[in-house]
Protein chains: 4
Amino acid sequence: MATRKNQAATRSDGDAGRDKVPRTERGRRTLRKLLDASATEFGEKGFHEASVSSITRRAGVALGTFYTYFDSKDALFRALVLDLSDNVRTSARSALSEEMTQLEIEEAALAAFLRFAREHKEIYRIIDEAEFVDPQSYRTHYETIAGRIEDRLARGVEAGVYRDDVGELEAWAIMGMNVFVGLRYVVWGEGDKPAPSAETVAKGVNRLLAKGIAARGA
Amino acid sequence: MATRKNQAATRSDGDAGRDKVPRTERGRRTLRKLLDASATEFGEKGFHEASVSSITRRAGVALGTFYTYFDSKDALFRALVLDLSDNVRTSARSALSEEMTQLEIEEAALAAFLRFAREHKEIYRIIDEAEFVDPQSYRTHYETIAGRIEDRLARGVEAGVYRDDVGELEAWAIMGMNVFVGLRYVVWGEGDKPAPSAETVAKGVNRLLAKGIAARGA
Amino acid sequence: MATRKNQAATRSDGDAGRDKVPRTERGRRTLRKLLDASATEFGEKGFHEASVSSITRRAGVALGTFYTYFDSKDALFRALVLDLSDNVRTSARSALSEEMTQLEIEEAALAAFLRFAREHKEIYRIIDEAEFVDPQSYRTHYETIAGRIEDRLARGVEAGVYRDDVGELEAWAIMGMNVFVGLRYVVWGEGDKPAPSAETVAKGVNRLLAKGIAARGA
Amino acid sequence: MATRKNQAATRSDGDAGRDKVPRTERGRRTLRKLLDASATEFGEKGFHEASVSSITRRAGVALGTFYTYFDSKDALFRALVLDLSDNVRTSARSALSEEMTQLEIEEAALAAFLRFAREHKEIYRIIDEAEFVDPQSYRTHYETIAGRIEDRLARGVEAGVYRDDVGELEAWAIMGMNVFVGLRYVVWGEGDKPAPSAETVAKGVNRLLAKGIAARGA
DNA sequence: AATGAATGAGCCTTCATTCAT
DNA sequence: TATGAATGAAGGCTCATTCAT
């Protein structure tokens, strides 16, 4: 059949499909509106329930305009995951300083993440759904973060403030703690009483991280 | 349910849609085939990519037969999440014994979970996707597990083996560690070298849990 | 991207994609209705203007029913071309008899084709459009017909009624004459005066075929 | 035009939509680029698969520029068909001379057409597709050619070199032969052995035309 | 209980054409 | 004249669910 190149042939991963870059100022503004609208839409409805037409409606542009900037709904989702990953990193990084001890850095990083998540609750749904929509970026997202934690641990070992056998396993454990306390205290909140502050939660986790839960004499 | 707003008038929430219980032996066998087939299908494809017709094809029954046993695709998914939650619990419970110390219990529980996940890798995808398909069962799943951990922590505090200020926060942190090391070492594996055993991973996490990562003198 | 197997991946020619065979009597009736409706629709509008929904409307079935029997609009078109090729052949064959001379056979074949085209004017549009929709079946259609004509010529040579150097070239020339007089006198007709009968046209072409147009003495 | 019923209110037939004539040298160059690009594009993809944006990309101009020169995709197609018809005629005419006999003229005309088609294979696809895109120009194209052949036949009759009952029917038959041997030997070629020359094919067809295929004594 | 044909709402994507600059 | 962003109607296809047998 030589007809229709029937709708988006499932893109093989090798094919980069770089989203089109706008050449005018107006184009840049439209692209921004689409990205913002889609973050909200995906956060509220999840990938499958989200619709391109609803996204363009939110953005206040015509349906077809979407395809001026993205090859497909999938492509937009991928762009968004990258964007959010970047934002998390930037936001965490700016909370750290050279004068902190390694444990303080770890605590500050968690607090920064929790504050970010408080402002961008949709990040949980979007990242989590990447497991199904784009497994590669899901895996990359967590491996990247674990890698950064592991690097920090290595510096702590070097500095003699951490046991010298901590490594990758601990990095993944720390990431898991951070993600789940964020889910519990930031995304789901308390229900009745006010949610504890990001700093309170971070301090509690940091205590466990530093000393464990065993009683002194045990 | 946040999925397809199908022709069927949205059922009011009160209507539990109890799945039909088969009355004959033949019926019981068909139901079992459907459940097994759907676990595989959902594990491989995720909820949205999975299709009822593919599930019935795997099960070797006609499409229409599905609706003799389940009200909807969603209902099947819900049943599956409950089933898996139960299985995880049973499997963990059987690994514990009265003679263990609290920390040993915690370690054994994690090891049991990792072994279970090794056999049922699909559990990650299925539970995770519940966040989108049936948020309530997703939340309930994790709250239930956290609750069980918290109970064990309370017993440890009572017994004087844990610091007396550990509680819910620590329970969620522990659950997060467990989930993420499972994701890293069981679901994703090593790539090159053989994945570490469930016991090795559990021991490593338990050390962090007991003593933290700070160096002795720090 | 692991999502939607995005609409009919352009089928590679190797993949047969056999249309689904109905298992019940009702199914056979529905399939027949769809084939008839699509012949009319394609004949009236051509492939691109034809729409699946219009075809199902004509057939009096629901849109989705179409996909119970065909993988795609393309697949239906392919099936139709085969069907028409078969019908042309059958109709021509039944007009021939063993007692005819080779030239009489050739004339009878053309007359039969013209009568068929008179009843099924859509065949021209459908076959012609295959050049664009499914080039392979277009080429196959004409090569098959030319092959049949060539075989008949060979028999005439053997019998000594044709010059002994006629062959493939003459076969294609004959097919071209037949197709174009069909287009002129059957499909387009006369406008004012009544169109000549199939037999009249066939006789005229046969005279050219037998003796050419040169004057006796020339 | 049988294509897209676009937003634009269907233009009444009276409005010829004369393509805009460029006033500057730069304009003339742009128009030429567009025409050349579209001949290639339509030849490669056919009308429906061809896209205005691909044509402008080939031509190296912006999308919007297209509408400076043509009212629509259809208008461009129509212009192209006329252009090709003209080219065929010019090319054939230049191959004929006053000294030739009528049969020699017929042979030379076919040879010239075949040579032209060899250089412009796209002509087949474009003319054929006119049947669907612009039926009027399709019909006109063939009626014009048949008319020219008929005129030549009349001259042959007058000169006494043709039987005196040849006329329109023979004209259409001749055109059909010419078109189909072109399709067979020029457009599709041989596959393995080199395609026969235009002259060889023309000579073969001319023999059939002059004397028919019946054996001498038959 | 089982079967499989039938239903139709829903949504992604294409692309000719318009328009503001 | 040229540019390229914006528009939106249109249509192919999917698949959960229903229904007649």
# chains A, B, ... in the order shown; residues from 1 in each chain; ligands from 1
>>> residues_around(residues="stretch 148-152 of chain B", least_positions_apart="6", cutoff="10 Å", atoms="only C-alpha atoms (C1' of nucleotides)", output="MDAnalysis selection string")
chainID B and resid 89 102:103 105:106 109 142 158 166:172 174:175
>>> closest_atom_pairs(of="chain F", to="chain D", cutoff="10 Å", atoms="only C-alpha atoms (C1' of nucleotides)", output="Markdown table")
| residue | atom | partner | partner_atom | distance |
| --- | --- | --- | --- | --- |
| F:DT1 | C1' | D:Gly27 | CA | 7.8 |
| F:DA2 | C1' | D:Thr65 | CA | 6.2 |
| F:DT3 | C1' | D:Ala62 | CA | 6.0 |
| F:DG4 | C1' | D:Ala62 | CA | 7.0 |
| F:DT7 | C1' | D:Gln7 | CA | 9.9 |
| F:DG8 | C1' | D:Gln7 | CA | 8.4 |
| F:DA9 | C1' | D:Gln7 | CA | 7.2 |
| F:DA10 | C1' | D:Arg4 | CA | 8.8 |
>>> select_by_dssp(residues="stretch 30-174 of chain B", states="helix (DSSP H, G or I)", output="tab-separated table (two decimals) with N, CA and C atoms, in the first residue's frame")
chain	number	residue	atom	x	y	z
B	30	THR	N	-12.68	-21.52	34.47
B	30	THR	CA	-12.64	-20.38	33.54
B	30	THR	C	-12.19	-19.11	34.25
B	31	LEU	N	-12.73	-18.89	35.43
B	31	LEU	CA	-12.36	-17.70	36.19
B	31	LEU	C	-10.86	-17.68	36.46
B	32	ARG	N	-10.34	-18.81	36.87
B	32	ARG	CA	-8.90	-18.92	37.18
B	32	ARG	C	-8.09	-18.61	35.93
B	33	LYS	N	-8.50	-19.14	34.77
B	33	LYS	CA	-7.77	-18.88	33.53
B	33	LYS	C	-7.76	-17.39	33.22
B	34	LEU	N	-8.90	-16.74	33.45
B	34	LEU	CA	-8.97	-15.31	33.16
B	34	LEU	C	-8.05	-14.52	34.08
B	35	LEU	N	-8.03	-14.88	35.35
B	35	LEU	CA	-7.18	-14.15	36.30
B	35	LEU	C	-5.71	-14.31	35.94
B	36	ASP	N	-5.32	-15.54	35.66
B	36	ASP	CA	-3.91	-15.76	35.31
B	36	ASP	C	-3.54	-15.01	34.04
B	37	ALA	N	-4.41	-15.11	33.06
B	37	ALA	CA	-4.12	-14.45	31.79
B	37	ALA	C	-4.00	-12.94	31.97
B	38	SER	N	-4.83	-12.39	32.82
B	38	SER	CA	-4.81	-10.93	32.97
B	38	SER	C	-3.58	-10.47	33.73
B	39	ALA	N	-3.10	-11.27	34.68
B	39	ALA	CA	-1.88	-10.89	35.40
B	39	ALA	C	-0.74	-10.77	34.40
B	40	THR	N	-0.63	-11.73	33.53
B	40	THR	CA	0.42	-11.70	32.52
B	40	THR	C	0.24	-10.50	31.59
B	41	GLU	N	-0.99	-10.36	31.12
B	41	GLU	CA	-1.26	-9.29	30.16
B	41	GLU	C	-1.00	-7.90	30.77
B	42	PHE	N	-1.52	-7.65	31.94
B	42	PHE	CA	-1.29	-6.35	32.56
B	42	PHE	C	0.18	-6.14	32.86
B	43	GLY	N	0.86	-7.20	33.28
B	43	GLY	CA	2.28	-7.09	33.58
B	43	GLY	C	3.09	-6.75	32.34
B	44	GLU	N	2.71	-7.34	31.23
B	44	GLU	CA	3.47	-7.10	30.01
B	44	GLU	C	3.16	-5.76	29.37
B	45	LYS	N	1.89	-5.41	29.37
B	45	LYS	CA	1.50	-4.24	28.58
B	45	LYS	C	1.05	-3.05	29.39
B	46	GLY	N	0.76	-3.25	30.65
B	46	GLY	CA	0.17	-2.16	31.41
B	46	GLY	C	-1.32	-2.11	31.13
B	47	PHE	N	-2.04	-1.42	31.97
B	47	PHE	CA	-3.49	-1.43	31.90
B	47	PHE	C	-4.05	-0.94	30.57
B	48	HIS	N	-3.55	0.17	30.10
B	48	HIS	CA	-4.18	0.76	28.92
B	48	HIS	C	-3.88	0.01	27.64
B	49	GLU	N	-2.70	-0.54	27.55
B	49	GLU	CA	-2.36	-1.31	26.36
B	49	GLU	C	-2.97	-2.70	26.40
B	52	VAL	N	-9.16	-6.43	26.65
B	52	VAL	CA	-9.99	-7.54	27.09
B	52	VAL	C	-9.91	-8.68	26.08
B	53	SER	N	-9.89	-8.32	24.83
B	53	SER	CA	-9.89	-9.40	23.84
B	53	SER	C	-8.58	-10.17	23.88
B	54	SER	N	-7.49	-9.48	24.14
B	54	SER	CA	-6.22	-10.19	24.24
B	54	SER	C	-6.21	-11.10	25.47
B	55	ILE	N	-6.80	-10.63	26.54
B	55	ILE	CA	-6.86	-11.44	27.76
B	55	ILE	C	-7.68	-12.70	27.52
B	56	THR	N	-8.82	-12.55	26.87
B	56	THR	CA	-9.62	-13.75	26.62
B	56	THR	C	-8.94	-14.67	25.64
B	57	ARG	N	-8.19	-14.09	24.71
B	57	ARG	CA	-7.45	-14.94	23.77
B	57	ARG	C	-6.41	-15.75	24.53
B	58	ARG	N	-5.65	-15.09	25.41
B	58	ARG	CA	-4.68	-15.82	26.23
B	58	ARG	C	-5.36	-16.91	27.05
B	59	ALA	N	-6.53	-16.58	27.56
B	59	ALA	CA	-7.21	-17.53	28.45
B	59	ALA	C	-7.88	-18.64	27.64
B	63	LEU	N	-14.59	-13.85	23.74
B	63	LEU	CA	-14.61	-12.48	24.27
B	63	LEU	C	-15.76	-12.27	25.24
B	64	GLY	N	-16.94	-12.65	24.83
B	64	GLY	CA	-18.11	-12.40	25.65
B	64	GLY	C	-18.06	-13.07	27.02
B	65	THR	N	-17.33	-14.15	27.08
B	65	THR	CA	-17.23	-14.89	28.35
B	65	THR	C	-16.67	-14.03	29.47
B	66	PHE	N	-15.82	-13.11	29.11
B	66	PHE	CA	-15.22	-12.23	30.12
B	66	PHE	C	-16.28	-11.62	31.01
B	67	TYR	N	-17.37	-11.18	30.41
B	67	TYR	CA	-18.39	-10.45	31.15
B	67	TYR	C	-19.30	-11.37	31.96
B	68	THR	N	-19.06	-12.64	31.85
B	68	THR	CA	-19.74	-13.57	32.75
B	68	THR	C	-19.08	-13.52	34.13
B	69	TYR	N	-17.83	-13.07	34.15
B	69	TYR	CA	-17.07	-13.10	35.41
B	69	TYR	C	-16.71	-11.75	35.97
B	73	LYS	N	-13.39	-4.17	32.62
B	73	LYS	CA	-11.94	-4.29	32.64
B	73	LYS	C	-11.41	-3.71	33.96
B	74	ASP	N	-11.98	-2.61	34.38
B	74	ASP	CA	-11.57	-2.00	35.63
B	74	ASP	C	-11.78	-2.95	36.81
B	75	ALA	N	-12.92	-3.61	36.81
B	75	ALA	CA	-13.23	-4.50	37.93
B	75	ALA	C	-12.19	-5.61	38.01
B	76	LEU	N	-11.81	-6.10	36.88
B	76	LEU	CA	-10.78	-7.14	36.87
B	76	LEU	C	-9.49	-6.60	37.45
B	77	PHE	N	-9.15	-5.40	37.04
B	77	PHE	CA	-7.90	-4.82	37.52
B	77	PHE	C	-7.91	-4.67	39.03
B	78	ARG	N	-9.02	-4.18	39.54
B	78	ARG	CA	-9.16	-4.01	40.99
B	78	ARG	C	-9.00	-5.36	41.70
B	79	ALA	N	-9.63	-6.36	41.17
B	79	ALA	CA	-9.54	-7.69	41.78
B	79	ALA	C	-8.09	-8.15	41.81
B	80	LEU	N	-7.38	-7.83	40.76
B	80	LEU	CA	-6.00	-8.26	40.65
B	80	LEU	C	-5.11	-7.56	41.68
B	81	VAL	N	-5.34	-6.27	41.86
B	81	VAL	CA	-4.53	-5.52	42.83
B	81	VAL	C	-4.75	-6.09	44.22
B	82	LEU	N	-5.99	-6.36	44.56
B	82	LEU	CA	-6.30	-6.94	45.88
B	82	LEU	C	-5.59	-8.28	46.03
B	83	ASP	N	-5.68	-9.07	44.98
B	83	ASP	CA	-5.09	-10.39	44.99
B	83	ASP	C	-3.59	-10.30	45.22
B	84	LEU	N	-2.95	-9.40	44.50
B	84	LEU	CA	-1.50	-9.26	44.64
B	84	LEU	C	-1.13	-8.74	46.03
B	85	SER	N	-1.87	-7.77	46.52
B	85	SER	CA	-1.62	-7.25	47.87
B	85	SER	C	-1.65	-8.39	48.86
B	86	ASP	N	-2.66	-9.21	48.73
B	86	ASP	CA	-2.80	-10.36	49.62
B	86	ASP	C	-1.62	-11.31	49.51
B	87	ASN	N	-1.23	-11.56	48.29
B	87	ASN	CA	-0.13	-12.49	48.09
B	87	ASN	C	1.16	-11.98	48.70
B	88	VAL	N	1.41	-10.69	48.51
B	88	VAL	CA	2.62	-10.10	49.09
B	88	VAL	C	2.59	-10.30	50.61
B	89	ARG	N	1.48	-9.99	51.19
B	89	ARG	CA	1.35	-10.09	52.64
B	89	ARG	C	1.56	-11.53	53.11
B	90	THR	N	0.89	-12.44	52.48
B	90	THR	CA	1.00	-13.84	52.88
B	90	THR	C	2.44	-14.33	52.78
B	91	SER	N	3.03	-13.97	51.66
B	91	SER	CA	4.39	-14.43	51.43
B	91	SER	C	5.34	-13.85	52.47
B	92	ALA	N	5.16	-12.57	52.82
B	92	ALA	CA	6.03	-11.95	53.81
B	92	ALA	C	5.80	-12.60	55.18
B	93	ARG	N	4.55	-12.73	55.50
B	93	ARG	CA	4.19	-13.25	56.82
B	93	ARG	C	4.81	-14.63	57.08
B	102	GLN	N	13.31	-7.66	66.40
B	102	GLN	CA	12.54	-6.78	65.51
B	102	GLN	C	13.33	-6.45	64.24
B	103	LEU	N	14.63	-6.20	64.40
B	103	LEU	CA	15.43	-5.87	63.21
B	103	LEU	C	15.53	-7.07	62.27
B	104	GLU	N	15.62	-8.23	62.86
B	104	GLU	CA	15.67	-9.44	62.03
B	104	GLU	C	14.34	-9.62	61.27
B	105	ILE	N	13.27	-9.31	61.96
B	105	ILE	CA	11.96	-9.39	61.31
B	105	ILE	C	11.90	-8.45	60.11
B	106	GLU	N	12.39	-7.24	60.36
B	106	GLU	CA	12.35	-6.25	59.27
B	106	GLU	C	13.17	-6.74	58.07
B	107	GLU	N	14.30	-7.31	58.37
B	107	GLU	CA	15.17	-7.80	57.30
B	107	GLU	C	14.52	-8.98	56.57
B	108	ALA	N	13.95	-9.87	57.33
B	108	ALA	CA	13.31	-11.04	56.73
B	108	ALA	C	12.12	-10.63	55.87
B	109	ALA	N	11.40	-9.62	56.34
B	109	ALA	CA	10.23	-9.16	55.58
B	109	ALA	C	10.68	-8.61	54.22
B	110	LEU	N	11.76	-7.84	54.24
B	110	LEU	CA	12.26	-7.29	52.98
B	110	LEU	C	12.74	-8.41	52.06
B	111	ALA	N	13.49	-9.34	52.63
B	111	ALA	CA	14.00	-10.43	51.81
B	111	ALA	C	12.83	-11.21	51.19
B	112	ALA	N	11.82	-11.44	51.96
B	112	ALA	CA	10.66	-12.17	51.44
B	112	ALA	C	9.99	-11.39	50.32
B	113	PHE	N	9.88	-10.09	50.52
B	113	PHE	CA	9.26	-9.26	49.48
B	113	PHE	C	10.09	-9.33	48.20
B	114	LEU	N	11.40	-9.24	48.34
B	114	LEU	CA	12.26	-9.25	47.15
B	114	LEU	C	12.15	-10.59	46.43
B	115	ARG	N	12.10	-11.66	47.20
B	115	ARG	CA	11.95	-12.97	46.56
B	115	ARG	C	10.61	-13.05	45.82
B	116	PHE	N	9.59	-12.53	46.46
B	116	PHE	CA	8.27	-12.54	45.81
B	116	PHE	C	8.32	-11.73	44.51
B	117	ALA	N	8.92	-10.56	44.58
B	117	ALA	CA	8.98	-9.70	43.40
B	117	ALA	C	9.79	-10.37	42.29
B	118	ARG	N	10.80	-11.11	42.68
B	118	ARG	CA	11.62	-11.80	41.68
B	118	ARG	C	10.73	-12.77	40.87
B	119	GLU	N	9.80	-13.40	41.54
B	119	GLU	CA	8.91	-14.34	40.86
B	119	GLU	C	7.74	-13.65	40.16
B	122	GLU	N	5.74	-8.56	37.53
B	122	GLU	CA	4.63	-7.74	37.07
B	122	GLU	C	4.00	-6.93	38.20
B	123	ILE	N	4.28	-7.31	39.44
B	123	ILE	CA	3.62	-6.62	40.53
B	123	ILE	C	3.94	-5.13	40.54
B	124	TYR	N	5.16	-4.79	40.16
B	124	TYR	CA	5.52	-3.37	40.15
B	124	TYR	C	4.66	-2.59	39.18
B	125	ARG	N	4.58	-3.09	37.96
B	125	ARG	CA	3.81	-2.37	36.95
B	125	ARG	C	2.34	-2.29	37.35
B	126	ILE	N	1.84	-3.38	37.88
B	126	ILE	CA	0.42	-3.40	38.17
B	126	ILE	C	0.08	-2.46	39.32
B	127	ILE	N	0.85	-2.57	40.40
B	127	ILE	CA	0.59	-1.67	41.53
B	127	ILE	C	0.78	-0.22	41.11
B	128	ASP	N	1.87	0.04	40.41
B	128	ASP	CA	2.12	1.43	40.02
B	128	ASP	C	1.01	1.98	39.16
B	129	GLU	N	0.53	1.14	38.27
B	129	GLU	CA	-0.48	1.67	37.37
B	129	GLU	C	-1.80	1.90	38.10
B	130	ALA	N	-1.98	1.24	39.22
B	130	ALA	CA	-3.20	1.48	39.99
B	130	ALA	C	-3.34	2.95	40.33
B	131	GLU	N	-2.19	3.65	40.43
B	131	GLU	CA	-2.26	5.09	40.71
B	131	GLU	C	-3.16	5.79	39.70
B	132	PHE	N	-3.19	5.28	38.50
B	132	PHE	CA	-3.96	5.95	37.45
B	132	PHE	C	-5.31	5.29	37.21
B	133	VAL	N	-5.33	4.00	37.41
B	133	VAL	CA	-6.54	3.27	37.07
B	133	VAL	C	-7.53	3.28	38.23
B	135	PRO	N	-7.04	4.97	41.83
B	135	PRO	CA	-6.22	5.64	42.84
B	135	PRO	C	-6.50	5.14	44.25
B	136	GLN	N	-7.75	4.82	44.53
B	136	GLN	CA	-8.08	4.40	45.88
B	136	GLN	C	-7.34	3.14	46.27
B	137	SER	N	-7.30	2.17	45.38
B	137	SER	CA	-6.64	0.93	45.78
B	137	SER	C	-5.13	1.12	45.82
B	138	TYR	N	-4.64	2.06	45.05
B	138	TYR	CA	-3.20	2.37	45.10
B	138	TYR	C	-2.85	2.92	46.48
B	139	ARG	N	-3.61	3.90	46.89
B	139	ARG	CA	-3.37	4.52	48.19
B	139	ARG	C	-3.56	3.52	49.32
B	140	THR	N	-4.62	2.77	49.22
B	140	THR	CA	-4.88	1.78	50.27
B	140	THR	C	-3.75	0.77	50.37
B	141	HIS	N	-3.27	0.35	49.20
B	141	HIS	CA	-2.18	-0.62	49.20
B	141	HIS	C	-1.00	-0.12	50.03
B	142	TYR	N	-0.57	1.09	49.76
B	142	TYR	CA	0.62	1.58	50.45
B	142	TYR	C	0.33	1.95	51.90
B	143	GLU	N	-0.85	2.46	52.16
B	143	GLU	CA	-1.17	2.80	53.55
B	143	GLU	C	-1.24	1.54	54.41
B	144	THR	N	-1.74	0.50	53.83
B	144	THR	CA	-1.81	-0.76	54.56
B	144	THR	C	-0.43	-1.28	54.92
B	145	ILE	N	0.43	-1.25	53.94
B	145	ILE	CA	1.79	-1.74	54.18
B	145	ILE	C	2.51	-0.85	55.19
B	146	ALA	N	2.38	0.46	55.00
B	146	ALA	CA	3.03	1.37	55.95
B	146	ALA	C	2.49	1.12	57.35
B	147	GLY	N	1.20	0.88	57.43
B	147	GLY	CA	0.61	0.61	58.74
B	147	GLY	C	1.22	-0.62	59.39
B	148	ARG	N	1.44	-1.64	58.60
B	148	ARG	CA	2.04	-2.85	59.16
B	148	ARG	C	3.46	-2.60	59.64
B	149	ILE	N	4.19	-1.82	58.87
B	149	ILE	CA	5.56	-1.50	59.30
B	149	ILE	C	5.53	-0.68	60.59
B	150	GLU	N	4.62	0.27	60.62
B	150	GLU	CA	4.52	1.13	61.81
B	150	GLU	C	4.22	0.29	63.05
B	151	ASP	N	3.35	-0.69	62.88
B	151	ASP	CA	3.03	-1.57	64.01
B	151	ASP	C	4.28	-2.30	64.50
B	152	ARG	N	5.05	-2.76	63.54
B	152	ARG	CA	6.27	-3.47	63.94
B	152	ARG	C	7.24	-2.53	64.64
B	153	LEU	N	7.31	-1.30	64.14
B	153	LEU	CA	8.19	-0.33	64.79
B	153	LEU	C	7.74	-0.10	66.22
B	154	ALA	N	6.43	0.00	66.40
B	154	ALA	CA	5.90	0.26	67.74
B	154	ALA	C	6.29	-0.87	68.69
B	155	ARG	N	6.23	-2.08	68.16
B	155	ARG	CA	6.66	-3.20	69.01
B	155	ARG	C	8.13	-3.10	69.37
B	156	GLY	N	8.93	-2.63	68.41
B	156	GLY	CA	10.36	-2.48	68.68
B	156	GLY	C	10.63	-1.41	69.72
B	157	VAL	N	9.85	-0.34	69.64
B	157	VAL	CA	10.00	0.74	70.63
B	157	VAL	C	9.65	0.19	72.02
B	158	GLU	N	8.53	-0.50	72.04
B	158	GLU	CA	8.08	-1.10	73.30
B	158	GLU	C	9.16	-2.01	73.89
B	168	GLU	N	5.49	6.89	62.24
B	168	GLU	CA	4.96	6.84	60.88
B	168	GLU	C	5.99	7.29	59.83
B	169	LEU	N	6.65	8.38	60.12
B	169	LEU	CA	7.63	8.87	59.14
B	169	LEU	C	8.64	7.78	58.79
B	170	GLU	N	9.15	7.11	59.80
B	170	GLU	CA	10.13	6.07	59.56
B	170	GLU	C	9.50	4.90	58.78
B	171	ALA	N	8.24	4.62	59.09
B	171	ALA	CA	7.57	3.53	58.37
B	171	ALA	C	7.54	3.80	56.87
B	172	TRP	N	7.19	5.02	56.50
B	172	TRP	CA	7.14	5.37	55.07
B	172	TRP	C	8.54	5.37	54.45
B	173	ALA	N	9.49	5.83	55.22
B	173	ALA	CA	10.86	5.83	54.70
B	173	ALA	C	11.32	4.39	54.43
B	174	ILE	N	11.01	3.51	55.37
B	174	ILE	CA	11.40	2.10	55.19
B	174	ILE	C	10.72	1.50	53.97
>>> interface_residues(of="chain E", to="chain A", cutoff="12 Å", atoms="only C-alpha atoms (C1' of nucleotides)", output="list of chain:residue names")
E:DG10, E:DC11, E:DC12, E:DT13, E:DT14, E:DC15, E:DA20, E:DT21
>>> closest_atom_pairs(of="chain C", to="chain D", cutoff="6 Å", atoms="only C-alpha atoms", output="tab-separated table")
residue	atom	partner	partner_atom	distance
C:Val161	CA	D:Ala215	CA	5.3
C:Tyr162	CA	D:Ala214	CA	4.4
C:Arg163	CA	D:Ala215	CA	4.4
C:Trp172	CA	D:Val181	CA	5.9
C:Ala173	CA	D:Met177	CA	4.1
C:Gly176	CA	D:Gly176	CA	4.1
C:Met177	CA	D:Ala173	CA	4.1
C:Phe180	CA	D:Gly176	CA	5.1
C:Val181	CA	D:Trp172	CA	5.9
C:Leu209	CA	D:Gly212	CA	4.8
C:Ala210	CA	D:Gly212	CA	4.5
C:Lys211	CA	D:Gly212	CA	4.1
C:Gly212	CA	D:Gly212	CA	4.0
C:Ile213	CA	D:Ala210	CA	5.2
C:Ala214	CA	D:Tyr162	CA	4.4
C:Ala215	CA	D:Arg163	CA	4.4
C:Ala218	CA	D:Val161	CA	5.8
>>> atom_distance(atom1="atom CA of A:His120", atom2="atom CA of A:Val187")
9.3 Å
>>> atom_distance(atom1="atom CA of A:Val21", atom2="atom C1' of F:DG12")
29.2 Å
>>> decode(residues="stretch 24-49 of chain A", atoms="C-alpha atoms", output="compact mmCIF listing (two decimals), in the first residue's frame")
# COMPACT_ATOMS: atom_id res chain seq x y z
CA THR A 24 9.53 33.75 15.76
CA GLU A 25 8.76 35.33 19.11
CA ARG A 26 5.10 34.52 18.68
CA GLY A 27 6.04 30.92 18.10
CA ARG A 28 8.04 30.81 21.31
CA ARG A 29 5.09 32.11 23.26
CA THR A 30 2.77 29.51 21.77
CA LEU A 31 5.19 26.72 22.57
CA ARG A 32 5.39 27.89 26.18
CA LYS A 33 1.60 27.96 26.47
CA LEU A 34 1.40 24.42 25.17
CA LEU A 35 4.01 23.14 27.61
CA ASP A 36 2.33 24.76 30.58
CA ALA A 37 -1.09 23.58 29.58
CA SER A 38 0.09 20.04 29.11
CA ALA A 39 1.79 19.90 32.51
CA THR A 40 -1.53 20.75 34.08
CA GLU A 41 -3.50 18.41 31.87
CA PHE A 42 -1.23 15.42 32.38
CA GLY A 43 -1.06 16.12 36.10
CA GLU A 44 -4.81 16.19 36.42
CA LYS A 45 -5.79 13.38 34.12
CA GLY A 46 -2.76 11.26 33.47
CA PHE A 47 -1.42 10.53 30.03
CA HIS A 48 -4.17 8.36 28.67
CA GLU A 49 -7.07 10.46 29.82
